[in-house]
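The file upload33.tsv comes next; it holds TSV, C-alpha atoms.
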```tsv
chain	number	residue	atom	x	y	z
A	1	MET	CA	-0.57	-20.94	3.81
A	2	ARG	CA	-3.10	-18.91	1.86
A	3	SER	CA	-3.30	-19.20	-1.91
A	4	ARG	CA	-1.72	-16.48	-4.04
A	5	PRO	CA	-4.38	-13.85	-4.87
A	6	SER	CA	-4.40	-11.93	-8.13
A	7	ILE	CA	-2.53	-8.62	-8.35
A	8	THR	CA	-4.67	-5.57	-9.02
A	9	PRO	CA	-2.58	-3.56	-11.51
A	10	THR	CA	-3.93	-0.12	-10.66
A	11	ILE	CA	-3.53	-0.11	-6.88
A	12	MET	CA	-1.67	3.09	-6.02
A	13	ALA	CA	1.02	1.56	-3.80
A	14	VAL	CA	2.31	-1.51	-5.54
A	15	VAL	CA	3.88	-2.69	-2.30
A	16	VAL	CA	0.46	-3.58	-0.88
A	17	ALA	CA	-0.48	-5.70	-3.88
A	18	GLY	CA	2.94	-7.30	-4.14
A	19	VAL	CA	3.10	-8.31	-0.48
A	20	ALA	CA	-0.51	-9.44	-0.40
A	21	ALA	CA	0.23	-11.67	-3.37
A	22	THR	CA	3.31	-13.37	-1.90
A	23	LEU	CA	3.20	-12.64	1.83
A	24	LEU	CA	4.50	-15.98	3.04
A	25	ALA	CA	6.79	-16.73	0.12
A	26	GLY	CA	9.90	-15.11	1.58
A	27	CYS	CA	11.91	-16.29	4.57
A	28	GLY	CA	14.73	-14.86	6.60
A	29	ALA	CA	13.41	-11.42	7.58
A	30	SER	CA	13.38	-10.68	11.28
A	31	GLU	CA	11.29	-8.74	13.77
A	32	PRO	CA	12.05	-4.99	13.57
A	33	VAL	CA	15.04	-4.08	15.74
A	34	GLY	CA	15.04	-1.52	18.52
A	35	VAL	CA	15.17	2.19	17.82
A	36	GLY	CA	18.63	3.26	16.70
A	37	THR	CA	20.50	4.67	13.77
A	38	THR	CA	19.68	1.81	11.39
A	39	LEU	CA	16.86	2.12	8.85
A	40	ALA	CA	15.23	-1.03	10.23
A	41	GLY	CA	15.06	0.67	13.61
A	42	ARG	CA	12.59	3.14	12.10
A	43	LEU	CA	9.98	0.42	11.46
A	44	LEU	CA	7.19	-0.17	13.93
A	45	PRO	CA	7.89	-2.91	16.51
A	46	GLY	CA	5.53	-5.87	16.59
A	47	ASP	CA	3.81	-4.68	19.78
A	48	ARG	CA	2.63	-1.49	18.03
A	49	LEU	CA	0.63	-3.39	15.40
A	50	PRO	CA	-3.17	-3.79	15.65
A	51	LYS	CA	-4.01	-6.67	17.97
A	52	SER	CA	-5.23	-8.97	15.21
A	53	PHE	CA	-1.97	-8.74	13.24
A	54	THR	CA	1.21	-10.76	13.62
A	55	ALA	CA	4.51	-9.87	11.93
A	56	VAL	CA	5.61	-12.56	9.46
A	57	PRO	CA	8.91	-13.26	7.64
A	58	TYR	CA	9.19	-11.39	4.37
A	59	GLN	CA	12.31	-10.21	2.60
A	60	THR	CA	12.61	-6.72	1.16
A	61	GLY	CA	14.12	-8.15	-2.04
A	62	ASP	CA	10.99	-10.25	-2.63
A	63	MET	CA	8.83	-7.15	-2.26
A	64	ILE	CA	10.97	-5.18	-4.72
A	65	ALA	CA	10.78	-8.00	-7.27
A	66	ALA	CA	6.98	-8.28	-6.87
A	67	ASN	CA	6.55	-4.52	-7.26
A	68	ARG	CA	8.62	-4.39	-10.43
A	69	SER	CA	6.69	-7.32	-11.88
A	70	THR	CA	3.42	-5.52	-11.14
A	71	LEU	CA	4.65	-2.35	-12.85
A	72	GLU	CA	5.69	-4.38	-15.89
A	73	GLN	CA	2.20	-5.90	-16.05
A	74	ALA	CA	0.69	-2.41	-15.84
A	75	THR	CA	2.33	-1.44	-19.15
A	76	LYS	CA	-0.01	-3.94	-20.83
A	77	VAL	CA	-3.16	-2.62	-19.17
A	78	GLY	CA	-5.61	-0.11	-20.62
A	79	PHE	CA	-6.61	2.76	-18.32
A	80	GLU	CA	-9.65	4.98	-18.39
A	81	PRO	CA	-8.96	7.86	-18.01
A	82	GLU	CA	-5.65	7.26	-19.80
A	83	GLN	CA	-3.80	9.91	-17.75
A	84	CYS	CA	-4.45	7.96	-14.54
A	85	ARG	CA	-1.68	5.39	-14.87
A	86	PRO	CA	0.26	4.86	-11.58
A	87	THR	CA	3.01	7.41	-12.24
A	88	ALA	CA	4.11	7.71	-8.60
A	89	ASP	CA	4.87	3.99	-8.36
A	90	ALA	CA	6.58	4.00	-11.76
A	91	ALA	CA	8.99	6.70	-10.57
A	92	PHE	CA	9.54	5.29	-7.06
A	93	THR	CA	9.84	1.50	-7.38
A	94	PRO	CA	12.84	1.24	-9.77
A	95	HIS	CA	15.06	3.05	-7.23
A	96	LEU	CA	14.33	0.74	-4.28
A	97	THR	CA	17.11	-1.60	-3.14
A	98	GLU	CA	17.77	-3.75	-0.09
A	99	ASP	CA	20.25	-1.09	1.07
A	100	ASN	CA	17.88	1.89	1.00
A	101	THR	CA	14.54	0.26	1.90
A	102	VAL	CA	13.18	-1.89	4.74
A	103	LEU	CA	9.82	-3.61	5.06
A	104	LEU	CA	7.53	-4.87	7.79
A	105	ALA	CA	4.81	-7.35	6.80
A	106	ALA	CA	2.03	-8.66	9.03
A	107	GLN	CA	-1.01	-10.85	8.58
A	108	ALA	CA	-4.41	-11.34	10.18
A	109	ASP	CA	-7.40	-13.50	9.32
A	110	GLY	CA	-8.98	-10.54	7.54
A	111	GLY	CA	-6.07	-9.24	5.51
A	112	THR	CA	-2.50	-7.96	5.34
A	113	LEU	CA	-0.53	-5.03	6.69
A	114	THR	CA	2.71	-3.55	5.36
A	115	GLU	CA	5.02	-0.74	6.36
A	116	LEU	CA	7.83	0.42	4.10
A	117	VAL	CA	10.54	2.89	5.13
A	118	SER	CA	12.96	4.14	2.49
A	119	THR	CA	15.53	6.85	1.93
A	120	VAL	CA	14.18	7.13	-1.65
A	121	PRO	CA	11.88	10.18	-1.86
A	122	ARG	CA	8.36	9.50	-3.13
A	123	ASN	CA	6.39	12.01	-5.18
A	124	VAL	CA	3.35	12.44	-2.95
A	125	ASP	CA	1.90	15.07	-5.29
A	126	ALA	CA	1.87	12.42	-8.04
A	127	ASP	CA	0.09	10.02	-5.69
A	128	ARG	CA	-2.63	12.61	-5.24
A	129	ARG	CA	-2.90	13.28	-9.00
A	130	ASP	CA	-3.10	9.53	-9.73
A	131	THR	CA	-6.09	9.01	-7.42
A	132	SER	CA	-8.10	12.23	-7.14
A	133	GLY	CA	-10.11	14.56	-9.35
A	134	PRO	CA	-10.67	12.86	-12.72
A	135	CYS	CA	-8.59	9.92	-11.43
A	136	ARG	CA	-10.73	9.24	-8.37
A	137	VAL	CA	-12.48	6.43	-10.26
A	138	VAL	CA	-10.24	4.52	-12.67
A	139	THR	CA	-11.16	1.54	-14.85
A	140	SER	CA	-8.38	-0.75	-16.04
A	141	THR	CA	-8.58	-3.56	-18.58
A	142	PRO	CA	-5.71	-6.08	-18.67
A	143	THR	CA	-4.96	-7.50	-22.11
A	144	THR	CA	-2.65	-10.37	-21.14
A	145	GLY	CA	-2.19	-12.87	-18.31
A	146	VAL	CA	-4.76	-14.43	-16.00
A	147	LEU	CA	-6.77	-11.18	-15.82
A	148	ALA	CA	-7.03	-10.70	-19.60
A	149	GLY	CA	-10.55	-9.57	-20.42
A	150	ALA	CA	-11.30	-8.46	-16.85
A	151	ARG	CA	-12.67	-5.05	-15.91
A	152	ILE	CA	-11.14	-3.53	-12.77
A	153	VAL	CA	-12.70	-0.46	-11.18
A	154	ASN	CA	-10.73	1.37	-8.46
A	155	THR	CA	-12.44	4.09	-6.43
A	156	ALA	CA	-10.28	6.27	-4.17
A	157	THR	CA	-11.43	8.36	-1.21
A	158	GLU	CA	-9.02	10.72	0.56
A	159	LEU	CA	-8.82	10.37	4.35
A	160	PRO	CA	-8.09	13.24	6.77
A	161	ALA	CA	-4.54	13.77	8.00
A	162	PRO	CA	-4.28	12.22	11.50
A	163	TYR	CA	-1.39	14.22	13.00
A	164	ASP	CA	-1.49	16.26	16.19
A	165	ASP	CA	0.65	19.31	16.92
A	166	SER	CA	3.56	17.21	18.21
A	167	LEU	CA	3.88	15.38	14.86
A	168	ARG	CA	3.07	18.04	12.27
A	169	GLU	CA	6.63	19.40	12.35
A	170	SER	CA	7.90	15.91	11.43
A	171	VAL	CA	5.70	15.63	8.32
A	172	GLU	CA	6.77	17.27	5.08
A	173	GLN	CA	3.92	15.85	3.00
A	174	SER	CA	1.34	13.12	3.38
A	175	TYR	CA	-1.59	11.58	1.58
A	176	LEU	CA	-3.98	9.04	3.10
A	177	LEU	CA	-6.75	7.33	1.22
A	178	ARG	CA	-9.04	4.34	0.99
A	179	THR	CA	-9.15	2.43	-2.28
A	180	ASP	CA	-12.03	0.07	-3.14
A	181	SER	CA	-11.25	-2.25	-6.05
A	182	VAL	CA	-13.79	-4.43	-7.86
A	183	THR	CA	-12.57	-6.89	-10.49
A	184	THR	CA	-15.10	-8.48	-12.84
A	185	SER	CA	-13.54	-11.35	-14.77
A	186	ALA	CA	-14.52	-12.47	-18.24
A	187	ASP	CA	-16.34	-15.46	-16.73
A	188	GLY	CA	-18.57	-13.19	-14.60
A	189	SER	CA	-16.87	-13.81	-11.27
A	190	VAL	CA	-16.31	-10.76	-9.08
A	191	ARG	CA	-13.55	-10.03	-6.59
A	192	SER	CA	-13.44	-7.06	-4.26
A	193	ARG	CA	-10.63	-5.68	-2.13
A	194	SER	CA	-10.49	-2.61	0.13
A	195	THR	CA	-7.27	-0.92	1.16
A	196	TYR	CA	-6.18	1.88	3.48
A	197	LEU	CA	-3.00	3.54	2.28
A	198	ALA	CA	-0.70	6.30	3.52
A	199	ASN	CA	2.32	7.85	1.83
A	200	VAL	CA	4.23	10.19	4.12
A	201	LEU	CA	7.49	12.13	3.80
A	202	VAL	CA	8.93	12.20	7.32
A	203	LYS	CA	11.74	14.40	8.63
A	204	ALA	CA	14.30	12.14	10.34
A	205	PRO	CA	17.72	12.95	11.84
A	206	ALA	CA	19.62	11.75	8.76
A	207	GLY	CA	17.21	13.31	6.25
A	208	THR	CA	13.76	12.80	4.78
A	209	LEU	CA	12.32	9.28	4.76
A	210	THR	CA	9.41	7.88	2.78
A	211	VAL	CA	7.03	6.00	5.06
A	212	GLN	CA	4.33	3.96	3.38
A	213	VAL	CA	1.66	2.15	5.40
A	214	GLY	CA	-0.97	-0.11	3.83
A	215	VAL	CA	-3.72	-2.31	5.24
A	216	ALA	CA	-5.63	-4.44	2.72
A	217	SER	CA	-8.55	-6.82	3.06
A	218	ASN	CA	-8.50	-10.33	1.67
A	219	ASP	CA	-10.40	-10.71	-1.60
A	220	ALA	CA	-14.15	-11.11	-1.27
A	221	VAL	CA	-15.54	-13.34	-4.02
A	222	GLY	CA	-18.96	-13.22	-5.66
A	223	SER	CA	-20.61	-13.04	-9.06
A	224	ASN	CA	-22.19	-10.26	-11.10
A	225	ASP	CA	-25.61	-11.92	-10.96
A	226	LYS	CA	-25.61	-11.56	-7.15
A	227	PRO	CA	-24.90	-7.87	-6.44
A	228	GLY	CA	-23.20	-7.16	-3.13
A	229	THR	CA	-21.82	-10.65	-2.59
A	230	ALA	CA	-18.27	-9.46	-3.23
A	231	SER	CA	-18.32	-6.44	-0.91
A	232	SER	CA	-15.28	-6.07	1.34
A	233	GLU	CA	-14.06	-3.90	4.21
A	234	PRO	CA	-10.51	-3.26	5.45
A	235	PRO	CA	-9.62	-5.50	8.43
A	236	ILE	CA	-9.29	-2.49	10.79
A	237	THR	CA	-11.31	0.69	11.24
A	238	GLU	CA	-10.38	4.03	9.71
A	239	GLU	CA	-9.68	5.31	13.24
A	240	ALA	CA	-7.32	2.40	13.95
A	241	PHE	CA	-5.53	3.03	10.65
A	242	ALA	CA	-5.06	6.70	11.53
A	243	GLY	CA	-3.50	5.64	14.83
A	244	LEU	CA	-1.21	3.22	13.01
A	245	VAL	CA	0.00	6.00	10.70
A	246	ARG	CA	0.63	8.30	13.65
A	247	SER	CA	2.70	5.59	15.34
A	248	ALA	CA	4.68	4.97	12.14
A	249	VAL	CA	5.50	8.68	11.72
A	250	GLU	CA	6.49	9.00	15.36
A	251	ARG	CA	8.79	5.98	15.15
A	252	ALA	CA	10.43	7.09	11.88
A	253	SER	CA	11.11	10.61	13.13
A	254	LEU	CA	12.63	9.70	16.52
A	255	ARG	CA	15.93	11.38	17.30
```

Write-out of the structure in structure tokens:
Amino acid sequence: MRSRPSITPTIMAVVVAGVAATLLAGCGASEPVGVGTTLAGRLLPGDRLPKSFTAVPYQTGDMIAANRSTLEQATKVGFEPEQCRPTADAAFTPHLTEDNTVLLAAQADGGTLTELVSTVPRNVDADRRDTSGPCRVVTSTPTTGVLAGARIVNTATELPAPYDDSLRESVEQSYLLRTDSVTTSADGSVRSRSTYLANVLVKAPAGTLTVQVGVASNDAVGSNDKPGTASSEPPITEEAFAGLVRSAVERASLR
């Protein structure tokens, strides 16, 4: 079992940070069921994951608790620019329950993968505002907890939409990006994490679903007197991530 990594407060989708922090803590979740009318049937099956990843037990309730804890921590963090607090997560996470949300978690040597499907609508426009324009590069400074005194710099880069003609009609809105996070602690140690993230509103038979896909690297560790030692890359390529998002949208929208 891997040790529990620190949570980066300003990551756009709190689900990625929360699951990465406690991936093997929960037990009792099962492999996604076959396609059907249930919400769990809209998750990707294990054989559609990248080859290096294996689905692992993780309960939706544990994810919800981790996300809410991360949002609570974020209230005690300074942000620069100030208007770049994670408003999309703050509006979305409190409404998630085990009845309206399902989760797939997977792990590889190089990182973690999560897929969330929920009947709760996510504000994709807010996701874009939180991580683009003046909010493309955001510096956060925790004032309490284990990261007190640290300086965390998140840099977001939007990725192109990966849908072909057969899927565009199923997508109401979507936003894909890569986030590179560098945390410099008060003691001079440096941690880096890179994440691919997609938030998609998908048209399904019973109504619109929020589909959220994230792939995050493990933390790379270095020090500020050795530049580059903490560089990290996501555990799959951008092309592979685009294919994963396409598969997730296709599965969620099946009739």

Write out as JSON lines the residues of stretch 50-162 of chain A that have any atom within 7 Å of an atom of stretch 210-223 of chain A, one row each with the nearest atom pair and its distance in Å to one decimal, counting all atoms listed in the file, sorted by chain and then rising number.
```
{"residue": "A:Gly110", "atom": "CA", "partner": "A:Ser217", "partner_atom": "CA", "distance": 5.8}
{"residue": "A:Gly111", "atom": "CA", "partner": "A:Ser217", "partner_atom": "CA", "distance": 4.2}
{"residue": "A:Thr112", "atom": "CA", "partner": "A:Ala216", "partner_atom": "CA", "distance": 5.4}
{"residue": "A:Leu113", "atom": "CA", "partner": "A:Val215", "partner_atom": "CA", "distance": 4.4}
{"residue": "A:Thr114", "atom": "CA", "partner": "A:Gly214", "partner_atom": "CA", "distance": 5.3}
{"residue": "A:Glu115", "atom": "CA", "partner": "A:Val213", "partner_atom": "CA", "distance": 4.5}
{"residue": "A:Leu116", "atom": "CA", "partner": "A:Gln212", "partner_atom": "CA", "distance": 5.0}
{"residue": "A:Val117", "atom": "CA", "partner": "A:Val211", "partner_atom": "CA", "distance": 4.7}
{"residue": "A:Ser118", "atom": "CA", "partner": "A:Thr210", "partner_atom": "CA", "distance": 5.2}
{"residue": "A:Thr119", "atom": "CA", "partner": "A:Thr210", "partner_atom": "CA", "distance": 6.3}
{"residue": "A:Val120", "atom": "CA", "partner": "A:Thr210", "partner_atom": "CA", "distance": 6.6}
{"residue": "A:Pro121", "atom": "CA", "partner": "A:Thr210", "partner_atom": "CA", "distance": 5.7}
{"residue": "A:Arg122", "atom": "CA", "partner": "A:Thr210", "partner_atom": "CA", "distance": 6.2}
```

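Atom pair atom CA of A:Lys76 / atom CA of A:Val153 has a distance of 16.3 Å (rounded to one decimal).
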
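Candidate residues A:Asn199, A:Ser174, A:Gln59, A:Ser194 were compared for distance to A:Pro235, and the nearest is A:Ser194, using all atoms listed in the file.
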
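For A:Thr75, the set of protein, DNA and RNA residues having any atom at most 12 Å away, when counting all atoms listed in the file and skipping those fewer than 5 positions along the same chain, is Pro9, Thr10, Arg68, Ser69, Thr70, Glu82, Arg85, Pro86, Thr87, Ala90, Ser140, Thr141, Pro142, Thr143 and Thr144 of chain A.
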
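Nearest residue to A:Ala252 among A:Val171, A:Cys135, A:Ala148, A:Val182 is A:Val171, counting all atoms listed in the file.
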
What's around stretch 154-163 of chain A at 9 Å? Count all atoms listed in the file, leave out sequence neighbours fewer than 4 positions away in its own chain, and write the answer as a PDB file with C-alpha atoms, keeping the file's coordinate frame.
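Final output, selection-v9.pdb:
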```pdb
ATOM      1  CA  THR A  10      -3.930  -0.120 -10.660  1.00  0.00           C
ATOM      2  CA  ILE A  11      -3.530  -0.110  -6.880  1.00  0.00           C
ATOM      3  CA  ARG A 128      -2.630  12.610  -5.240  1.00  0.00           C
ATOM      4  CA  THR A 131      -6.090   9.010  -7.420  1.00  0.00           C
ATOM      5  CA  SER A 132      -8.100  12.230  -7.140  1.00  0.00           C
ATOM      6  CA  CYS A 135      -8.590   9.920 -11.430  1.00  0.00           C
ATOM      7  CA  ARG A 136     -10.730   9.240  -8.370  1.00  0.00           C
ATOM      8  CA  VAL A 137     -12.480   6.430 -10.260  1.00  0.00           C
ATOM      9  CA  VAL A 138     -10.240   4.520 -12.670  1.00  0.00           C
ATOM     10  CA  THR A 139     -11.160   1.540 -14.850  1.00  0.00           C
ATOM     11  CA  SER A 140      -8.380  -0.750 -16.040  1.00  0.00           C
ATOM     12  CA  LEU A 167       3.880  15.380  14.860  1.00  0.00           C
ATOM     13  CA  ARG A 168       3.070  18.040  12.270  1.00  0.00           C
ATOM     14  CA  VAL A 171       5.700  15.630   8.320  1.00  0.00           C
ATOM     15  CA  SER A 174       1.340  13.120   3.380  1.00  0.00           C
ATOM     16  CA  TYR A 175      -1.590  11.580   1.580  1.00  0.00           C
ATOM     17  CA  LEU A 176      -3.980   9.040   3.100  1.00  0.00           C
ATOM     18  CA  LEU A 177      -6.750   7.330   1.220  1.00  0.00           C
ATOM     19  CA  ARG A 178      -9.040   4.340   0.990  1.00  0.00           C
ATOM     20  CA  THR A 179      -9.150   2.430  -2.280  1.00  0.00           C
ATOM     21  CA  ASP A 180     -12.030   0.070  -3.140  1.00  0.00           C
ATOM     22  CA  SER A 181     -11.250  -2.250  -6.050  1.00  0.00           C
ATOM     23  CA  VAL A 182     -13.790  -4.430  -7.860  1.00  0.00           C
ATOM     24  CA  THR A 183     -12.570  -6.890 -10.490  1.00  0.00           C
ATOM     25  CA  TYR A 196      -6.180   1.880   3.480  1.00  0.00           C
ATOM     26  CA  GLU A 238     -10.380   4.030   9.710  1.00  0.00           C
ATOM     27  CA  GLU A 239      -9.680   5.310  13.240  1.00  0.00           C
ATOM     28  CA  ALA A 242      -5.060   6.700  11.530  1.00  0.00           C
ATOM     29  CA  GLY A 243      -3.500   5.640  14.830  1.00  0.00           C
ATOM     30  CA  VAL A 245       0.000   6.000  10.700  1.00  0.00           C
ATOM     31  CA  ARG A 246       0.630   8.300  13.650  1.00  0.00           C
ATOM     32  CA  VAL A 249       5.500   8.680  11.720  1.00  0.00           C
TER      33      VAL A 249
END
```

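Shortest atom-to-atom contact with A:Ala40 among A:Leu104, A:Thr195, A:Ala126, A:Ser253: A:Leu104, counting all atoms listed in the file.
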
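The two atoms in question, atom CA of A:Asn67 and atom CA of A:Pro94, are spaced 8.9 Å apart.
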
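Among A:Glu250, A:Asp187, A:Asp164, A:Asp62, the residue with the shortest atom-to-atom distance to A:Leu103, counting all atoms listed in the file, is A:Asp62.
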
- request: Taking the point (9.8, -5.2, -0.1) as given in the file, collect each protein or nucleic acid residue that comes within 9 Å of it, counting all atoms listed in the file, and present the set as a PyMOL selection string.
  value: chain A and resi 15+18-19+58-67+96-98+101-105+116

Output C-alpha atoms of each residue in that selection to a file, as a PDB file, in the frame of the given file.
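Contents of the output file out-v6.pdb:
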```pdb
ATOM      1  CA  VAL A  15       3.880  -2.690  -2.300  1.00  0.00           C
ATOM      2  CA  GLY A  18       2.940  -7.300  -4.140  1.00  0.00           C
ATOM      3  CA  VAL A  19       3.100  -8.310  -0.480  1.00  0.00           C
ATOM      4  CA  TYR A  58       9.190 -11.390   4.370  1.00  0.00           C
ATOM      5  CA  GLN A  59      12.310 -10.210   2.600  1.00  0.00           C
ATOM      6  CA  THR A  60      12.610  -6.720   1.160  1.00  0.00           C
ATOM      7  CA  GLY A  61      14.120  -8.150  -2.040  1.00  0.00           C
ATOM      8  CA  ASP A  62      10.990 -10.250  -2.630  1.00  0.00           C
ATOM      9  CA  MET A  63       8.830  -7.150  -2.260  1.00  0.00           C
ATOM     10  CA  ILE A  64      10.970  -5.180  -4.720  1.00  0.00           C
ATOM     11  CA  ALA A  65      10.780  -8.000  -7.270  1.00  0.00           C
ATOM     12  CA  ALA A  66       6.980  -8.280  -6.870  1.00  0.00           C
ATOM     13  CA  ASN A  67       6.550  -4.520  -7.260  1.00  0.00           C
ATOM     14  CA  LEU A  96      14.330   0.740  -4.280  1.00  0.00           C
ATOM     15  CA  THR A  97      17.110  -1.600  -3.140  1.00  0.00           C
ATOM     16  CA  GLU A  98      17.770  -3.750  -0.090  1.00  0.00           C
ATOM     17  CA  THR A 101      14.540   0.260   1.900  1.00  0.00           C
ATOM     18  CA  VAL A 102      13.180  -1.890   4.740  1.00  0.00           C
ATOM     19  CA  LEU A 103       9.820  -3.610   5.060  1.00  0.00           C
ATOM     20  CA  LEU A 104       7.530  -4.870   7.790  1.00  0.00           C
ATOM     21  CA  ALA A 105       4.810  -7.350   6.800  1.00  0.00           C
ATOM     22  CA  LEU A 116       7.830   0.420   4.100  1.00  0.00           C
TER      23      LEU A 116
END
```

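Atom CA of A:Ala240 is positioned 24.7 Å from atom CA of A:Leu39.
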
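Proximity to A:Ala91 was assessed for A:Phe79, A:Gln107, A:Leu71, A:Ile152 counting only C-alpha atoms; the smallest distance is recorded for A:Leu71.
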
field: Closest of A:Gly145, A:Ala186, A:Thr237, A:Ala88 to A:Val124 - atom-to-atom distances counting only C-alpha atoms
entry: A:Ala88
